[in-house]
>>> print(open('target-v9.tsv').read())   # TSV, C-alpha atoms
chain	number	residue	atom	x	y	z
S	1	MET	CA	29.43	13.92	4.58
S	2	LYS	CA	26.60	12.72	6.80
S	3	ARG	CA	25.45	16.27	7.58
S	4	LEU	CA	25.24	17.22	3.89
S	5	ALA	CA	23.33	14.02	3.06
S	6	PHE	CA	20.90	14.74	5.90
S	7	LYS	CA	20.36	18.33	4.74
S	8	THR	CA	19.67	17.11	1.21
S	9	ALA	CA	17.39	14.26	2.30
S	10	PHE	CA	15.22	16.11	4.83
S	11	PRO	CA	13.21	18.35	2.45
S	12	HIS	CA	12.25	15.29	0.40
S	13	THR	CA	10.61	13.78	3.45
S	14	ILE	CA	8.45	16.76	4.53
S	15	PRO	CA	5.29	15.69	2.63
S	16	ILE	CA	5.68	12.24	4.13
S	17	PHE	CA	5.97	13.75	7.60
S	18	THR	CA	2.44	15.18	7.24
S	19	GLY	CA	1.02	12.00	5.79
S	20	PHE	CA	2.67	9.60	8.19
S	21	CYS	CA	1.74	11.63	11.26
S	22	PHE	CA	-1.91	11.59	10.23
S	23	LEU	CA	-2.08	7.97	9.07
S	24	GLY	CA	0.24	6.73	11.82
S	25	MET	CA	-1.86	8.46	14.46
S	26	ALA	CA	-5.06	7.13	12.93
S	27	TYR	CA	-3.52	3.67	13.10
S	28	GLY	CA	-2.45	4.13	16.73
S	29	ILE	CA	-5.89	5.45	17.71
S	30	TYR	CA	-7.50	2.56	15.83
S	31	MET	CA	-5.37	0.06	17.78
S	32	ASN	CA	-6.17	1.86	21.01
S	33	ALA	CA	-9.89	1.82	20.22
S	34	SER	CA	-9.58	-1.92	19.44
S	35	GLY	CA	-8.30	-2.49	22.98
S	36	PHE	CA	-4.49	-2.68	22.47
S	37	SER	CA	-1.92	-0.77	24.54
S	38	PHE	CA	0.46	1.70	22.85
S	39	PHE	CA	3.14	-0.97	23.00
S	40	TYR	CA	1.46	-2.80	20.08
S	41	PRO	CA	1.49	0.09	17.60
S	42	LEU	CA	5.03	0.96	18.75
S	43	MET	CA	6.41	-2.52	18.04
S	44	MET	CA	4.28	-3.18	14.97
S	45	SER	CA	5.05	0.15	13.31
S	46	MET	CA	8.76	-0.37	13.99
S	47	LEU	CA	9.05	-4.03	12.95
S	48	ILE	CA	6.35	-4.69	10.35
S	49	TYR	CA	6.65	-1.14	9.00
S	50	GLY	CA	4.10	-1.41	6.22
S	51	GLY	CA	1.01	0.77	6.61
S	52	SER	CA	-1.64	-1.25	4.85
S	53	LEU	CA	-0.62	-4.53	6.47
S	54	GLU	CA	-0.51	-2.97	9.94
S	55	PHE	CA	-4.12	-1.88	9.56
S	56	VAL	CA	-5.12	-5.33	8.34
S	57	ALA	CA	-3.13	-6.88	11.22
S	58	VAL	CA	-5.46	-5.19	13.74
S	59	GLU	CA	-8.32	-7.11	12.15
S	60	MET	CA	-6.18	-10.29	12.18
S	61	LEU	CA	-5.42	-9.90	15.89
S	62	LEU	CA	-9.13	-9.57	16.64
S	63	SER	CA	-10.08	-12.63	14.55
S	64	PRO	CA	-9.56	-16.30	15.45
S	65	PHE	CA	-5.92	-17.49	15.21
S	66	ALA	CA	-5.17	-18.50	11.59
S	67	PRO	CA	-1.38	-18.53	10.98
S	68	VAL	CA	-1.42	-19.86	7.40
S	69	GLN	CA	-3.99	-17.33	6.27
S	70	VAL	CA	-2.09	-14.54	8.07
S	71	PHE	CA	1.17	-15.35	6.32
S	72	ILE	CA	-0.34	-15.75	2.85
S	73	MET	CA	-2.41	-12.62	3.22
S	74	ALA	CA	0.49	-10.58	4.58
S	75	PHE	CA	2.63	-11.84	1.72
S	76	LEU	CA	0.03	-10.92	-0.91
S	77	ILE	CA	-0.62	-7.47	0.60
S	78	GLN	CA	3.12	-6.82	0.61
S	79	ALA	CA	3.84	-8.59	-2.68
S	80	ARG	CA	4.32	-5.27	-4.46
S	81	HIS	CA	7.57	-4.79	-2.51
S	82	LEU	CA	9.05	-7.60	-4.60
S	83	PHE	CA	8.98	-5.22	-7.50
S	84	TYR	CA	10.38	-2.30	-5.56
S	85	GLY	CA	13.32	-4.56	-4.80
S	86	LEU	CA	13.73	-5.37	-8.46
S	87	SER	CA	13.89	-1.65	-9.27
S	88	MET	CA	16.48	-0.90	-6.59
S	89	LEU	CA	18.88	-3.79	-7.28
S	90	GLU	CA	21.30	-1.48	-9.09
S	91	LYS	CA	20.93	1.59	-6.87
S	92	PHE	CA	21.61	-0.27	-3.63
S	93	LYS	CA	24.74	-1.90	-5.00
S	94	GLY	CA	27.87	-1.59	-2.87
S	95	LEU	CA	26.32	0.28	0.06
S	96	GLY	CA	27.61	-2.14	2.70
S	97	TRP	CA	25.75	-2.41	6.01
S	98	LYS	CA	23.35	0.39	5.06
S	99	LYS	CA	21.87	-1.80	2.35
S	100	PHE	CA	20.31	-4.11	4.94
S	101	TYR	CA	18.43	-1.25	6.62
S	102	LEU	CA	17.45	0.30	3.28
S	103	ILE	CA	15.77	-2.95	2.22
S	104	PHE	CA	14.18	-3.43	5.66
S	105	GLY	CA	12.67	0.06	5.62
S	106	MET	CA	11.56	0.21	1.99
S	107	CYS	CA	7.87	1.14	2.32
S	108	ASP	CA	5.93	2.60	-0.63
S	109	GLU	CA	6.74	6.23	0.19
S	110	THR	CA	10.45	5.70	0.92
S	111	PHE	CA	10.78	3.65	-2.23
S	112	SER	CA	9.21	6.36	-4.36
S	113	ILE	CA	11.62	9.03	-3.02
S	114	ASN	CA	14.73	6.88	-3.19
S	115	CYS	CA	13.82	5.68	-6.66
S	116	SER	CA	12.99	9.08	-8.17
S	117	ALA	CA	15.12	11.66	-6.30
S	118	GLU	CA	17.92	13.33	-8.20
S	119	ILE	CA	20.82	13.25	-5.78
S	120	PRO	CA	23.14	16.25	-6.32
S	121	GLU	CA	26.80	15.66	-7.06
S	122	GLY	CA	28.95	15.52	-3.95
S	123	VAL	CA	26.14	14.10	-1.78
S	124	ASP	CA	26.77	10.56	-0.61
S	125	ARG	CA	24.14	8.30	-2.17
S	126	GLY	CA	24.21	5.73	0.62
S	127	TRP	CA	23.69	8.29	3.40
S	128	PHE	CA	20.99	10.08	1.40
S	129	PHE	CA	18.99	6.84	1.02
S	130	PHE	CA	19.70	6.05	4.66
S	131	PHE	CA	18.33	9.35	6.02
S	132	VAL	CA	15.24	9.28	3.80
S	133	THR	CA	14.50	5.76	5.05
S	134	LEU	CA	15.25	6.61	8.70
S	135	LEU	CA	13.27	9.88	8.79
S	136	ASP	CA	10.23	8.28	7.18
S	137	GLN	CA	10.30	5.45	9.67
S	138	ILE	CA	10.69	7.84	12.61
S	139	TYR	CA	7.60	9.80	11.45
S	140	TRP	CA	5.57	6.62	11.16
S	141	VAL	CA	6.60	5.12	14.51
S	142	PHE	CA	6.13	8.51	16.20
S	143	GLY	CA	2.61	8.92	14.78
S	144	ALA	CA	1.55	5.37	15.58
S	145	THR	CA	2.89	5.46	19.15
S	146	LEU	CA	1.41	8.89	19.83
S	147	GLY	CA	-1.95	7.71	18.50
S	148	GLY	CA	-1.74	4.66	20.74
S	149	LEU	CA	-0.90	6.82	23.75
S	150	ILE	CA	-3.40	9.65	23.37
S	151	GLY	CA	-6.16	7.46	21.93
S	152	SER	CA	-7.38	6.73	25.44
S	153	LEU	CA	-7.32	10.42	26.36
S	154	LEU	CA	-9.53	11.44	23.47
S	155	THR	CA	-12.91	12.36	24.83
S	156	PHE	CA	-14.67	12.72	21.50
S	157	ASP	CA	-16.42	9.78	19.89
S	158	THR	CA	-13.83	7.77	17.92
S	159	ALA	CA	-16.39	5.28	16.56
S	160	GLY	CA	-15.77	4.91	12.86
S	161	ILE	CA	-12.08	5.89	12.89
S	162	ASN	CA	-11.38	2.41	11.49
S	163	PHE	CA	-12.94	3.63	8.25
S	164	VAL	CA	-9.61	5.38	7.59
S	165	MET	CA	-8.36	1.99	6.37
S	166	THR	CA	-11.27	1.56	3.96
S	167	SER	CA	-10.94	5.05	2.55
S	168	MET	CA	-7.16	4.62	2.24
S	169	PHE	CA	-7.62	1.53	0.09
S	170	VAL	CA	-10.42	3.17	-1.89
S	171	VAL	CA	-8.03	6.06	-2.67
S	172	ILE	CA	-5.11	3.76	-3.55
S	173	PHE	CA	-7.48	1.70	-5.71
S	174	LEU	CA	-8.70	4.89	-7.46
S	175	GLU	CA	-5.13	6.09	-8.06
S	176	GLN	CA	-4.30	2.71	-9.57
S	177	TRP	CA	-7.47	2.85	-11.69
S	178	LEU	CA	-6.69	6.35	-13.00
S	179	LYS	CA	-3.17	5.46	-14.01
S	180	GLU	CA	-3.68	2.03	-15.58
S	181	LYS	CA	-4.55	1.53	-19.23
S	182	ASN	CA	-6.95	-1.37	-18.82
S	183	HIS	CA	-9.00	-2.27	-15.79
S	184	VAL	CA	-9.16	-6.07	-16.16
S	185	SER	CA	-7.08	-6.76	-13.05
S	186	ALA	CA	-8.93	-4.18	-10.92
S	187	ILE	CA	-12.29	-5.66	-11.95
S	188	ILE	CA	-11.01	-9.20	-11.30
S	189	GLY	CA	-9.88	-8.12	-7.82
S	190	LEU	CA	-13.18	-6.47	-6.88
S	191	SER	CA	-15.55	-9.06	-8.37
S	192	VAL	CA	-13.68	-12.20	-7.29
S	193	SER	CA	-13.44	-10.89	-3.71
S	194	ALA	CA	-17.12	-9.93	-3.61
S	195	LEU	CA	-18.23	-13.29	-5.06
S	196	CYS	CA	-15.98	-15.25	-2.69
S	197	LEU	CA	-17.23	-13.18	0.27
S	198	PHE	CA	-20.82	-14.15	-0.54
S	199	GLY	CA	-19.84	-17.77	-1.30
S	200	PHE	CA	-17.46	-18.53	1.57
S	201	GLY	CA	-18.38	-16.00	4.26
S	202	ALA	CA	-16.34	-13.31	6.02
S	203	ASN	CA	-13.91	-15.58	7.87
S	204	THR	CA	-12.71	-17.87	5.09
S	205	PHE	CA	-13.05	-16.00	1.79
S	206	MET	CA	-9.53	-14.54	1.50
S	207	ILE	CA	-7.53	-17.63	0.51
S	208	PRO	CA	-9.94	-18.74	-2.25
S	209	THR	CA	-10.01	-15.11	-3.41
S	210	MET	CA	-6.22	-14.84	-3.65
S	211	ILE	CA	-5.82	-18.17	-5.44
S	212	THR	CA	-8.59	-17.30	-7.93
S	213	ILE	CA	-7.00	-13.90	-8.65
S	214	ILE	CA	-3.60	-15.46	-9.49
S	215	ILE	CA	-5.24	-18.16	-11.65
S	216	LEU	CA	-7.38	-15.63	-13.56
S	217	LEU	CA	-4.39	-13.34	-14.13
S	218	ALA	CA	-2.39	-16.30	-15.46
S	219	VAL	CA	-5.29	-17.49	-17.68
S	220	PHE	CA	-6.03	-14.05	-19.11
S	221	ARG	CA	-2.40	-13.06	-19.60
S	222	LYS	CA	-2.59	-13.03	-23.41
S	223	PRO	CA	-5.82	-11.01	-23.76
S	224	ILE	CA	-4.69	-8.56	-21.03
S	225	GLU	CA	-1.32	-7.96	-22.63
S	226	HIS	CA	-2.92	-7.79	-26.07
S	227	MET	CA	-5.40	-5.17	-24.84
S	228	GLU	CA	-2.58	-3.13	-23.32
S	229	GLU	CA	-0.69	-3.24	-26.63
S	230	GLU	CA	-3.75	-2.16	-28.63
S	231	ILE	CA	-4.42	0.78	-26.32
S	232	THR	CA	-0.78	1.84	-26.47
S	233	ASN	CA	-0.86	1.58	-30.28
S	234	LYS	CA	-4.06	3.62	-30.47
S	235	GLU	CA	-2.54	6.29	-28.24
S	236	THR	CA	0.56	6.44	-30.40
S	237	THR	CA	-1.53	6.74	-33.59
S	238	LEU	CA	-3.66	9.43	-31.96
S	239	LYS	CA	-0.59	11.38	-30.92
S	240	GLU	CA	0.91	11.02	-34.39
S	241	SER	CA	-2.28	12.19	-36.10
S	242	THR	CA	-2.53	15.17	-33.72
S	243	ILE	CA	1.04	16.07	-34.53
S	244	LYS	CA	0.27	15.75	-38.25
S	245	GLU	CA	-2.87	17.86	-37.90
S	246	THR	CA	-1.03	20.56	-36.00
S	247	ALA	CA	1.71	20.47	-38.60
S	248	ALA	CA	-0.89	20.67	-41.39
S	249	GLY	CA	-2.63	23.52	-39.61
S	250	LYS	CA	0.65	25.40	-39.41
S	251	THR	CA	1.42	25.01	-43.09
S	252	ARG	CA	-2.04	26.31	-43.92
W	1	MET	CA	-6.38	-14.78	20.82
W	2	THR	CA	-3.77	-15.52	23.51
W	3	ILE	CA	-0.55	-13.45	23.87
W	4	PRO	CA	1.68	-16.16	22.24
W	5	GLN	CA	-0.81	-16.37	19.35
W	6	GLN	CA	-0.64	-12.57	18.99
W	7	ILE	CA	3.17	-12.71	18.96
W	8	ILE	CA	3.09	-15.44	16.28
W	9	THR	CA	0.59	-13.44	14.19
W	10	ILE	CA	2.72	-10.26	14.37
W	11	SER	CA	5.94	-12.22	13.69
W	12	LEU	CA	4.37	-13.78	10.60
W	13	CYS	CA	3.45	-10.31	9.36
W	14	ILE	CA	7.08	-9.23	9.88
W	15	LEU	CA	8.40	-12.38	8.18
W	16	ALA	CA	6.07	-12.02	5.18
W	17	THR	CA	6.94	-8.33	4.78
W	18	MET	CA	10.68	-8.91	4.99
W	19	THR	CA	10.43	-11.85	2.58
W	20	THR	CA	8.85	-9.57	-0.02
W	21	ARG	CA	11.46	-6.85	0.55
W	22	PHE	CA	14.58	-9.04	0.66
W	23	LEU	CA	13.72	-11.80	-1.81
W	24	PRO	CA	14.56	-9.95	-5.05
W	25	PHE	CA	18.01	-9.11	-3.68
W	26	PHE	CA	18.62	-12.78	-2.93
W	27	ILE	CA	17.24	-14.21	-6.17
W	28	PHE	CA	18.24	-11.83	-8.92
W	29	SER	CA	21.76	-10.84	-9.60
W	30	GLU	CA	22.10	-7.52	-11.42
W	31	LYS	CA	23.06	-9.30	-14.63
W	32	ARG	CA	20.09	-11.66	-15.03
W	33	GLU	CA	16.84	-10.47	-16.58
W	34	THR	CA	13.55	-10.89	-14.67
W	35	PRO	CA	11.31	-13.66	-16.12
W	36	ALA	CA	8.49	-12.27	-18.27
W	37	PHE	CA	5.73	-13.90	-16.20
W	38	ILE	CA	7.01	-12.29	-12.97
W	39	GLN	CA	7.13	-8.92	-14.69
W	40	TYR	CA	3.55	-9.43	-15.89
W	41	ILE	CA	2.25	-10.42	-12.43
W	42	GLY	CA	4.13	-7.51	-10.85
W	43	LYS	CA	2.50	-5.13	-13.24
W	44	TYR	CA	-1.10	-6.31	-12.88
W	45	LEU	CA	-1.40	-7.76	-9.38
W	46	PRO	CA	-1.52	-4.43	-7.44
W	47	SER	CA	-4.87	-3.32	-8.92
W	48	ALA	CA	-6.46	-6.66	-8.05
W	49	VAL	CA	-4.93	-6.63	-4.56
W	50	PHE	CA	-6.25	-3.14	-3.76
W	51	GLY	CA	-9.70	-4.09	-5.08
W	52	MET	CA	-9.53	-7.12	-2.81
W	53	LEU	CA	-8.51	-4.98	0.17
W	54	VAL	CA	-11.49	-2.66	-0.31
W	55	VAL	CA	-13.81	-5.69	-0.15
W	56	TYR	CA	-11.82	-7.07	2.80
W	57	CYS	CA	-12.47	-3.89	4.79
W	58	LEU	CA	-16.19	-4.25	4.14
W	59	LYS	CA	-16.41	-7.95	5.00
W	60	ASN	CA	-18.27	-7.42	8.27
W	61	VAL	CA	-20.84	-5.03	6.85
W	62	ASP	CA	-24.31	-6.53	7.25
W	63	LEU	CA	-26.42	-5.78	4.18
W	64	LEU	CA	-29.57	-7.36	5.59
W	65	HIS	CA	-29.76	-5.80	9.04
W	66	GLY	CA	-29.07	-2.52	10.85
W	67	THR	CA	-28.08	0.27	8.49
W	68	HIS	CA	-27.76	-2.13	5.50
W	69	GLY	CA	-24.28	-0.80	4.73
W	70	ALA	CA	-25.59	2.67	3.83
W	71	PRO	CA	-22.94	4.66	5.78
W	72	GLU	CA	-20.15	2.60	4.17
W	73	VAL	CA	-21.51	3.07	0.64
W	74	LEU	CA	-22.11	6.80	1.15
W	75	ALA	CA	-18.65	7.34	2.68
W	76	ILE	CA	-16.96	5.45	-0.18
W	77	ILE	CA	-18.86	7.64	-2.67
W	78	ALA	CA	-17.79	10.75	-0.71
W	79	THR	CA	-14.14	9.59	-0.67
W	80	THR	CA	-14.29	8.96	-4.42
W	81	ILE	CA	-15.84	12.35	-5.19
W	82	ILE	CA	-13.33	14.24	-3.01
W	83	HIS	CA	-10.48	12.32	-4.60
W	84	LEU	CA	-11.59	12.83	-8.20
W	85	TRP	CA	-12.16	16.52	-7.43
W	86	LYS	CA	-8.91	17.43	-5.63
W	87	ARG	CA	-6.78	14.33	-6.16
W	88	GLN	CA	-5.00	14.77	-2.85
W	89	MET	CA	-4.68	11.46	-1.07
W	90	LEU	CA	-4.63	12.80	2.48
W	91	LEU	CA	-7.59	15.11	1.94
W	92	SER	CA	-9.68	12.28	0.44
W	93	ILE	CA	-8.79	9.84	3.22
W	94	ALA	CA	-9.44	12.39	5.99
W	95	GLY	CA	-12.63	13.66	4.33
W	96	GLY	CA	-14.08	10.19	3.77
W	97	THR	CA	-13.26	9.07	7.31
W	98	ILE	CA	-14.69	12.16	9.00
W	99	PHE	CA	-17.82	11.92	6.84
W	100	TYR	CA	-18.22	8.27	7.89
W	101	MET	CA	-17.76	9.13	11.57
W	102	ILE	CA	-20.42	11.83	11.34
W	103	LEU	CA	-22.79	9.46	9.51
W	104	ILE	CA	-22.62	6.64	12.05
W	105	HIS	CA	-22.88	9.15	14.86
W	106	PHE	CA	-26.25	10.37	13.61
W	107	ILE	CA	-27.75	7.29	11.89
>>> encode(input="target-v9.tsv", output="structure tokens")
Amino acid sequence: MKRLAFKTAFPHTIPIFTGFCFLGMAYGIYMNASGFSFFYPLMMSMLIYGGSLEFVAVEMLLSPFAPVQVFIMAFLIQARHLFYGLSMLEKFKGLGWKKFYLIFGMCDETFSINCSAEIPEGVDRGWFFFFVTLLDQIYWVFGATLGGLIGSLLTFDTAGINFVMTSMFVVIFLEQWLKEKNHVSAIIGLSVSALCLFGFGANTFMIPTMITIIILLAVFRKPIEHMEEEITNKETTLKESTIKETAAGKTR
Amino acid sequence: MTIPQQIITISLCILATMTTRFLPFFIFSEKRETPAFIQYIGKYLPSAVFGMLVVYCLKNVDLLHGTHGAPEVLAIIATTIIHLWKRQMLLSIAGGTIFYMILIHFI
């Protein structure tokens, strides 16, 4: 039962193997270049196990000690997991002890496989989820630890490797932008952060930024939802008229 | 930062992460429907958070001195172009980072 579930799960994780080795190694090298031993990326990749936060945590460890800000920021960076959980409530039902590990290891990539994969009949659902989660985590911890170990052996100039974090967020931001129907939230996020950075300075701007974002989202809820509805309606009308036109064209 | 402060910082990251992953399973039973406001925040917060993270990464860039943030701006433009062209996350991230490393090596 376990063997079959493993065989079914493994191919799903191959793309993530490539990605996690690269990003995990970049993270490990980044930690190494920031002056931490490989033990840090090993423990952090295993226990925090959330890519974006681990990168931000390097910055946190190099800044003055600020526990409240760290917790709030970590929570807000990871807040999207709340909604992964909501989507998996049903699927993780009745999986016993495995459920605990599945929730612990539910990063973005693992969530997207476990949520979307069509599990063939006869394959145990619990073990399938378990192996996807386990393999993904092994790739990540392996990459991060290797990066932390060989980072000091690299003779080429690693200055600027920390930009991998910036470009990762730029790409995630772009993906989000391309798939969303209105950009109000994205614009709020960018502009509020930039304004707060200029107003409060680099060390203290995050908390005012996060509070302002939540307030603005709450205040503009009606217009944002209204805009979304209008765009959806327009799209539906467009589709309908295209269908009508094609139909008319055919009858002609 | 001292070692105990580092341990506290990392533990708080673990605690915050696990709170976000476990909370829904504690709060919502399968039968109850999620409140509309939570659904709304869940839908729109990610875009704002990723916008915020881009700015967060750039917080130490000095616009008035040194290179005036030129390598950062150019590398972000490069990342964007590569991504809009090929739309392959890993290629865009690798391309943007390597471009940035080359830029700061020569500027």
>>> closest_atom_pairs(input="target-v9.tsv", of="chain S", to="chain W", cutoff="6 Å", atoms="all atoms listed in the file", output="CSV")
residue,atom,partner,partner_atom,distance
S:Ile48,CA,W:Ile14,CA,4.6
S:Phe71,CA,W:Leu12,CA,5.6
S:Ala74,CA,W:Cys13,CA,5.6
S:Phe75,CA,W:Ala16,CA,4.9
S:Gln78,CA,W:Thr17,CA,5.9
S:Ala79,CA,W:Thr20,CA,5.8
S:His81,CA,W:Arg21,CA,5.4
S:Leu82,CA,W:Thr20,CA,5.0
S:Gly85,CA,W:Pro24,CA,5.5
S:Leu86,CA,W:Pro24,CA,5.8
S:Gly160,CA,W:Met101,CA,4.8
S:Phe163,CA,W:Thr97,CA,5.5
S:Val164,CA,W:Thr97,CA,5.2
S:Thr166,CA,W:Cys57,CA,5.6
S:Ser167,CA,W:Ile93,CA,5.3
S:Met168,CA,W:Ile93,CA,5.6
S:Phe169,CA,W:Val54,CA,5.7
S:Phe173,CA,W:Phe50,CA,5.4
S:Ser185,CA,W:Ala48,CA,5.0
S:Ala186,CA,W:Ala48,CA,4.5
S:Gly189,CA,W:Ala48,CA,3.7
S:Leu190,CA,W:Gly51,CA,4.6
S:Ser193,CA,W:Met52,CA,5.5
S:Ala202,CA,W:Lys59,CA,5.5
>>> write_last_selection(input="target-v9.tsv", atoms="C-alpha atoms", output="mmCIF file, in the frame of the given file")
data_model
loop_
_atom_site.group_PDB
_atom_site.id
_atom_site.type_symbol
_atom_site.label_atom_id
_atom_site.label_comp_id
_atom_site.auth_asym_id
_atom_site.auth_seq_id
_atom_site.Cartn_x
_atom_site.Cartn_y
_atom_site.Cartn_z
ATOM 1 C CA ILE S 48 6.350 -4.690 10.350
ATOM 2 C CA PHE S 71 1.170 -15.350 6.320
ATOM 3 C CA ALA S 74 0.490 -10.580 4.580
ATOM 4 C CA PHE S 75 2.630 -11.840 1.720
ATOM 5 C CA GLN S 78 3.120 -6.820 0.610
ATOM 6 C CA ALA S 79 3.840 -8.590 -2.680
ATOM 7 C CA HIS S 81 7.570 -4.790 -2.510
ATOM 8 C CA LEU S 82 9.050 -7.600 -4.600
ATOM 9 C CA GLY S 85 13.320 -4.560 -4.800
ATOM 10 C CA LEU S 86 13.730 -5.370 -8.460
ATOM 11 C CA GLY S 160 -15.770 4.910 12.860
ATOM 12 C CA PHE S 163 -12.940 3.630 8.250
ATOM 13 C CA VAL S 164 -9.610 5.380 7.590
ATOM 14 C CA THR S 166 -11.270 1.560 3.960
ATOM 15 C CA SER S 167 -10.940 5.050 2.550
ATOM 16 C CA MET S 168 -7.160 4.620 2.240
ATOM 17 C CA PHE S 169 -7.620 1.530 0.090
ATOM 18 C CA PHE S 173 -7.480 1.700 -5.710
ATOM 19 C CA SER S 185 -7.080 -6.760 -13.050
ATOM 20 C CA ALA S 186 -8.930 -4.180 -10.920
ATOM 21 C CA GLY S 189 -9.880 -8.120 -7.820
ATOM 22 C CA LEU S 190 -13.180 -6.470 -6.880
ATOM 23 C CA SER S 193 -13.440 -10.890 -3.710
ATOM 24 C CA ALA S 202 -16.340 -13.310 6.020
#
>>> closest_residue(input="target-v9.tsv", among="S:Phe198, S:Phe104, S:Ile207, S:Ala117", to="Leu63 in chain W", atoms="all atoms listed in the file")
S:Phe198
>>> residues_around(input="target-v9.tsv", residues="range 1-17 of chain S", least_positions_apart="4", cutoff="8 Å", atoms="only C-alpha atoms", output="number ranges by chain")
S: 21, 109, 113, 123-125, 127-129, 131-132, 135-136, 139-140
>>> residues_around(input="target-v9.tsv", residues="Leu95 in chain S", least_positions_apart="3", cutoff="10 Å", atoms="only C-alpha atoms", output="PyMOL selection string")
chain S and resi 91-92+98-100+102+125-127+129-130
>>> residues_near_point(input="target-v9.tsv", point="(-3.7, 2.7, 14.6)", cutoff="12 Å", atoms="only C-alpha atoms", output="PyMOL selection string")
chain S and resi 20-45+51-59+140-151+158+161-165
>>> atom_distance(input="target-v9.tsv", atom1="CA of Ile72 in chain S", atom2="CA of Thr212 in chain S")
13.7 Å
>>> atom_distance(input="target-v9.tsv", atom1="CA of Ile214 in chain S", atom2="CA of Ile172 in chain S")
20.2 Å
>>> atom_distance(input="target-v9.tsv", atom1="CA of Cys115 in chain S", atom2="CA of Tyr84 in chain S")
8.8 Å
>>> closest_residue(input="target-v9.tsv", among="S:Thr232, S:Gln69, S:Thr242, S:Ser87", to="Ile103 in chain S", atoms="all atoms listed in the file")
S:Ser87
>>> axis_aligned_box(input="target-v9.tsv", around="range 163-175 of chain S", padding_each_side="3 Å", output="JSON")
{"center_x": -9.0, "center_y": 3.8, "center_z": 0.1, "size_x": 13.8, "size_y": 10.6, "size_z": 22.3}
>>> decode(input="target-v9.tsv", residues="range 65-113 of chain S", atoms="C-alpha atoms", output="compact mmCIF listing (two decimals), in the first residue's frame")
# COMPACT_ATOMS: atom_id res chain seq x y z
CA PHE S 65 15.91 41.93 18.40
CA ALA S 66 12.19 42.75 17.92
CA PRO S 67 10.03 39.77 19.00
CA VAL S 68 6.60 41.39 18.54
CA GLN S 69 7.42 42.59 15.05
CA VAL S 70 8.91 39.18 14.17
CA PHE S 71 5.77 37.32 15.22
CA ILE S 72 3.33 39.69 13.51
CA MET S 73 5.38 39.79 10.35
CA ALA S 74 5.86 36.02 10.27
CA PHE S 75 2.13 35.61 10.81
CA LEU S 76 1.24 38.02 8.00
CA ILE S 77 3.75 36.48 5.56
CA GLN S 78 2.32 33.05 6.33
CA ALA S 79 -1.30 34.18 6.62
CA ARG S 80 -2.14 32.63 3.26
CA HIS S 81 -1.73 29.18 4.84
CA LEU S 82 -4.93 29.87 6.78
CA PHE S 83 -6.76 29.53 3.52
CA TYR S 84 -4.90 26.43 2.42
CA GLY S 85 -6.12 24.88 5.66
CA LEU S 86 -9.67 25.90 4.88
CA SER S 87 -9.43 24.18 1.49
CA MET S 88 -8.04 20.94 2.94
CA LEU S 89 -10.44 20.54 5.87
CA GLU S 90 -12.42 17.88 4.01
CA LYS S 91 -9.52 16.10 2.30
CA PHE S 92 -7.53 15.59 5.49
CA LYS S 93 -10.50 14.13 7.34
CA GLY S 94 -9.93 10.82 9.10
CA LEU S 95 -6.23 10.43 8.28
CA GLY S 96 -5.17 9.83 11.88
CA TRP S 97 -1.59 10.64 12.90
CA LYS S 98 -0.62 11.52 9.33
CA LYS S 99 -2.91 14.54 9.45
CA PHE S 100 -0.63 16.28 11.95
CA TYR S 101 2.40 16.01 9.65
CA LEU S 102 0.36 16.95 6.57
CA ILE S 103 -0.70 20.21 8.22
CA PHE S 104 2.82 20.86 9.57
CA GLY S 105 4.38 20.43 6.13
CA MET S 106 1.77 22.24 4.03
CA CYS S 107 3.89 24.77 2.12
CA ASP S 108 2.59 26.45 -1.05
CA GLU S 109 3.92 23.79 -3.43
CA THR S 110 2.81 20.77 -1.37
CA PHE S 111 -0.60 22.33 -0.93
CA SER S 112 -1.02 22.87 -4.65
CA ILE S 113 -0.19 19.21 -5.44
